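> Take this structure, written in structure tokens, and hold onto it; I'll ask about it next.
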Amino acid sequence: MNHSERAHASLSASGASRWLACPPSVRLSEQYEETTSVFAKEGTFMHELSEIYLSHELKHITKAQLNKKLKQMKQNEFYNPEIEQAVQTYVDVVTEKMNEARVTSKAPLILIEEKVDFSPWVPAGFGTGDVILIYGNRLEVIDLKGGKGVKVSAVENPQMRLYALGALNNFGVIFDIDSILMTIVQPRLDNISTEEMQVDELLGWAESVVKPKAELAFNGEGDFMAGEHCRFCKVKATCRARAEENLKLACMDFQKPPLLTDDEVVEVLTSIDQLLSWAKDVQEYALTMAMDENKQWPGMKLVEGRGSRKYTDENAVVESLIEAGFNDDVIYKKSLNTITALEKELGKKKFEEVLGTLVTKAPGKIKLVPEEDKRPEIKTSPEVDFQ
Ligand code: SF4
């Protein structure tokens, strides 16, 4: 792949929050190979499974074909009742929206896994919309997020907006579209969010924000900008801009008075998560290089950590203990499977049915977070605790 092709491929909708914030990251990342994670593979599996159900719903495949495909999918390493339940939740939401579209319009356009082209704003930019609906004067884009780590919101989400732009570019000449809905369904976190925009508003954003940033990214220009988006950057461990941003904390000019001021404490608090995540990325990168590529880091060496003991043959252990006269109470420990493991085993629906009333949620540990955090503030003081 030559440079421009690599840049093209890198200006993806899923990476948009990164390249919009830090345009030169695209060129800087080119030297690194594409990698995939187990989470990404699981997400792909969920998309494939939902596509099968939706294809049947849209009568693109017969019941017999559905069953045959499902049989194959159930052999996949990622298949389990919890995943099945999550996909069903997503399929239910989409089916409901498709039915709404059918009620609103005599001939709605319903597409799944549709390639959309947003190249008028991003050089060779394209992506795949999970579901695209056009009914009345409305365009709706729906995206499945399979993750269960971080909640993803559709509000001000550049990936969703780029899919919407692509759909508008593909179909805007055929349909008279006024408004756009962008919906993210993240079933494993019970998270559904929607952003609504008028066409003019979306096109304004595309012209004033996306186009200039995409051009900078394509040309390898613009300013480096470290932030949350660095998490998904291939050069996150060795990027100088990110290092400098994080090291600012270490270099804080702690002058007199000898105690930190409130503002300085807040500066440490607000930087700490990013600082820790950056330090972990550097640590992992350096270790991988030392182990896989025999890289010698000046003044550093590889050593073995503290090992842990384990049985070589569990059956033989039990036999030996019985022979030595110990009973089951000494040999075995009975413990209940964890909530997460049982939920995975039973599937969310069955879990709720059987154990719903037997599960309670203890309040989470109290944390100090920036004001912008979406969680509601709690008040705590000796008086409030007493009440
Ligand atoms: S690590 Fe962050 S600052 Fe550095 S290139 Fe990547 S996105 Fe930009």
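Here, A, B, ... name the chains of the structure tokens in the order displayed, residue numbers run from 1 inside each chain, and ligands are numbered from 1 in the same displayed order.
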Would you mind listing what lies within 9 Å of Gly222 of chain A as a list in words, with only C-alpha atoms counted and same-chain residues fewer than 6 positions away left out?

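Surrounding residues, per the criterion: Cys22, Pro23, Pro24, Lys213 and Leu216 of chain A.
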
> Any chance you can output those residues with C-alpha atoms as a PDB file, in the first residue's frame?


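Final output, selection_33.pdb:
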ATOM      1  CA  CYS A  22      -5.421  15.046  16.183  1.00  0.00           C
ATOM      2  CA  PRO A  23      -5.124  15.117  12.364  1.00  0.00           C
ATOM      3  CA  PRO A  24      -1.382  14.232  12.118  1.00  0.00           C
ATOM      4  CA  LYS A 213      -9.623  18.392   9.435  1.00  0.00           C
ATOM      5  CA  LEU A 216      -5.043  18.187   7.269  1.00  0.00           C
TER       6      LEU A 216
END

> Which polymer residues have any atom within 8 Å of an atom of Glu51 of chain A, counting only C-alpha atoms, with same-chain residues fewer than 3 positions away left out, as JSON, numbers by chain?

{"A": [47, 48, 54, 55, 112, 113]}

> Residues of the last selection are to be written out with all heavy atoms, as a PDB file, in the first residue's frame.


ATOM      1  N   HIS A  47     -22.278  -8.579  15.037  1.00  0.00           N
ATOM      2  CA  HIS A  47     -22.835  -7.959  13.826  1.00  0.00           C
ATOM      3  C   HIS A  47     -23.302  -9.032  12.836  1.00  0.00           C
ATOM      4  O   HIS A  47     -24.371  -8.913  12.238  1.00  0.00           O
ATOM      5  CB  HIS A  47     -21.789  -7.060  13.158  1.00  0.00           C
ATOM      6  CG  HIS A  47     -21.716  -5.700  13.768  1.00  0.00           C
ATOM      7  ND1 HIS A  47     -20.969  -5.420  14.879  1.00  0.00           N
ATOM      8  CD2 HIS A  47     -22.337  -4.545  13.441  1.00  0.00           C
ATOM      9  CE1 HIS A  47     -21.121  -4.150  15.197  1.00  0.00           C
ATOM     10  NE2 HIS A  47     -21.942  -3.595  14.343  1.00  0.00           N
ATOM     11  N   GLU A  48     -22.488 -10.082  12.692  1.00  0.00           N
ATOM     12  CA  GLU A  48     -22.853 -11.140  11.740  1.00  0.00           C
ATOM     13  C   GLU A  48     -24.141 -11.849  12.173  1.00  0.00           C
ATOM     14  O   GLU A  48     -25.015 -12.128  11.364  1.00  0.00           O
ATOM     15  CB  GLU A  48     -21.706 -12.154  11.616  1.00  0.00           C
ATOM     16  CG  GLU A  48     -20.535 -11.578  10.831  1.00  0.00           C
ATOM     17  CD  GLU A  48     -19.271 -12.414  10.950  1.00  0.00           C
ATOM     18  OE1 GLU A  48     -19.261 -13.427  11.697  1.00  0.00           O
ATOM     19  OE2 GLU A  48     -18.280 -12.044  10.293  1.00  0.00           O
ATOM     20  N   LEU A  54     -31.807 -10.138  10.991  1.00  0.00           N
ATOM     21  CA  LEU A  54     -32.476  -9.045  10.269  1.00  0.00           C
ATOM     22  C   LEU A  54     -32.744  -9.428   8.810  1.00  0.00           C
ATOM     23  O   LEU A  54     -33.763  -9.037   8.239  1.00  0.00           O
ATOM     24  CB  LEU A  54     -31.637  -7.766  10.354  1.00  0.00           C
ATOM     25  CG  LEU A  54     -31.583  -7.132  11.753  1.00  0.00           C
ATOM     26  CD1 LEU A  54     -30.595  -5.977  11.800  1.00  0.00           C
ATOM     27  CD2 LEU A  54     -32.967  -6.641  12.193  1.00  0.00           C
ATOM     28  N   SER A  55     -31.848 -10.211   8.220  1.00  0.00           N
ATOM     29  CA  SER A  55     -32.062 -10.671   6.837  1.00  0.00           C
ATOM     30  C   SER A  55     -33.327 -11.515   6.777  1.00  0.00           C
ATOM     31  O   SER A  55     -34.100 -11.436   5.826  1.00  0.00           O
ATOM     32  CB  SER A  55     -30.889 -11.524   6.343  1.00  0.00           C
ATOM     33  OG  SER A  55     -29.728 -10.766   6.334  1.00  0.00           O
ATOM     34  N   ILE A 112     -29.566  -3.071   5.331  1.00  0.00           N
ATOM     35  CA  ILE A 112     -28.662  -3.520   6.396  1.00  0.00           C
ATOM     36  C   ILE A 112     -27.271  -3.716   5.808  1.00  0.00           C
ATOM     37  O   ILE A 112     -27.121  -4.107   4.646  1.00  0.00           O
ATOM     38  CB  ILE A 112     -29.161  -4.816   7.094  1.00  0.00           C
ATOM     39  CG1 ILE A 112     -29.523  -5.897   6.082  1.00  0.00           C
ATOM     40  CG2 ILE A 112     -30.321  -4.544   8.001  1.00  0.00           C
ATOM     41  CD1 ILE A 112     -29.872  -7.226   6.726  1.00  0.00           C
ATOM     42  N   GLU A 113     -26.271  -3.417   6.639  1.00  0.00           N
ATOM     43  CA  GLU A 113     -24.865  -3.537   6.222  1.00  0.00           C
ATOM     44  C   GLU A 113     -24.638  -2.849   4.877  1.00  0.00           C
ATOM     45  O   GLU A 113     -24.138  -3.453   3.935  1.00  0.00           O
ATOM     46  CB  GLU A 113     -24.456  -5.012   6.150  1.00  0.00           C
ATOM     47  CG  GLU A 113     -24.445  -5.728   7.489  1.00  0.00           C
ATOM     48  CD  GLU A 113     -23.408  -5.187   8.473  1.00  0.00           C
ATOM     49  OE1 GLU A 113     -22.275  -4.909   8.053  1.00  0.00           O
ATOM     50  OE2 GLU A 113     -23.749  -5.036   9.655  1.00  0.00           O
TER      51      GLU A 113
END

> Could you list, as a PyMOL selection string, every residue within 9 Å of Gly127 of chain A, counting only C-alpha atoms and ignoring same-chain residues fewer than 6 positions away?

chain A and resi 12-14+114-118+162-163+166

> For those residues, write C-alpha atoms to a file as a CSV table (one decimal), in the first residue's frame.


chain,number,residue,atom,x,y,z
A,12,SER,CA,-12.3,5.8,8.8
A,13,ALA,CA,-15.5,6.7,10.4
A,14,SER,CA,-14.7,4.6,13.5
A,114,GLU,CA,-24.9,-0.9,3.5
A,115,LYS,CA,-21.7,0.7,2.3
A,116,VAL,CA,-21.9,4.5,2.5
A,117,ASP,CA,-19.6,7.0,0.8
A,118,PHE,CA,-18.7,10.2,2.6
A,162,LEU,CA,-20.2,10.3,9.0
A,163,TYR,CA,-22.4,7.3,8.4
A,166,GLY,CA,-22.6,8.9,3.7

> Enumerate, as a PyMOL selection string, the complete set of residues in segment 196-357 of chain A that a backbone-based DSSP assignment places in helix (DSSP H, G or I).

chain A and resi 199-219+228-232+240-250+262-292+314-323+328-331+339-346+348-357

> Which is closest to ligand 1 among A:Ser277, A:Asn67, A:Thr380, A:Thr357, if we use only C-alpha atoms and all ligand atoms?

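Answer, going by the shortest atom-to-atom distance: A:Ser277.
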
> Write as a list in words the residues around ligand 1, taking 7 Å as the cut-off and counting only C-alpha atoms and all ligand atoms.

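The distance check yields Arg18, Cys22, Pro24, Ser25, Leu28, Phe224, Met225, Ala226, Gly227, His229, Cys230, Cys233, Lys234, Val235, Lys236, Cys239, Arg240, Ala241 and Arg242 of chain A.
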
> Using DSSP assignments from the backbone, pull out every residue in segment 191-374 of chain A that falls under strand (DSSP E or B) and give it to me as an MDAnalysis selection string.

chainID A and resid 191:198

> How would the residues just picked look written out with N, CA, C and O atoms as a compact mmCIF listing (two decimals), in the first residue's frame?


# COMPACT_ATOMS: atom_id res chain seq x y z
N ASN A 191 -27.88 0.38 26.94
CA ASN A 191 -27.64 1.77 26.53
C ASN A 191 -28.15 2.02 25.12
O ASN A 191 -27.66 1.43 24.16
N ILE A 192 -29.17 2.88 25.03
CA ILE A 192 -29.65 3.30 23.70
C ILE A 192 -29.66 4.82 23.70
O ILE A 192 -30.21 5.44 24.61
N SER A 193 -29.01 5.42 22.71
CA SER A 193 -29.03 6.88 22.67
C SER A 193 -29.21 7.32 21.22
O SER A 193 -28.85 6.62 20.29
N THR A 194 -29.79 8.51 21.08
CA THR A 194 -30.10 9.02 19.74
C THR A 194 -29.74 10.49 19.64
O THR A 194 -29.93 11.23 20.60
N GLU A 195 -29.21 10.87 18.51
CA GLU A 195 -29.03 12.30 18.23
C GLU A 195 -29.87 12.64 17.00
O GLU A 195 -29.88 11.89 16.03
N GLU A 196 -30.55 13.77 17.07
CA GLU A 196 -31.32 14.22 15.91
C GLU A 196 -30.70 15.49 15.37
O GLU A 196 -30.32 16.38 16.14
N MET A 197 -30.56 15.56 14.06
CA MET A 197 -30.03 16.78 13.44
C MET A 197 -30.83 17.09 12.18
O MET A 197 -31.36 16.17 11.54
N GLN A 198 -30.89 18.35 11.84
CA GLN A 198 -31.47 18.71 10.56
C GLN A 198 -30.37 18.57 9.50
O GLN A 198 -29.18 18.66 9.81

> May I ask for the distance between atom CA of Arg188 of chain A and atom CA of Glu34 of chain A, given in Å to one decimal place?

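These atoms are spaced 26.4 Å apart.
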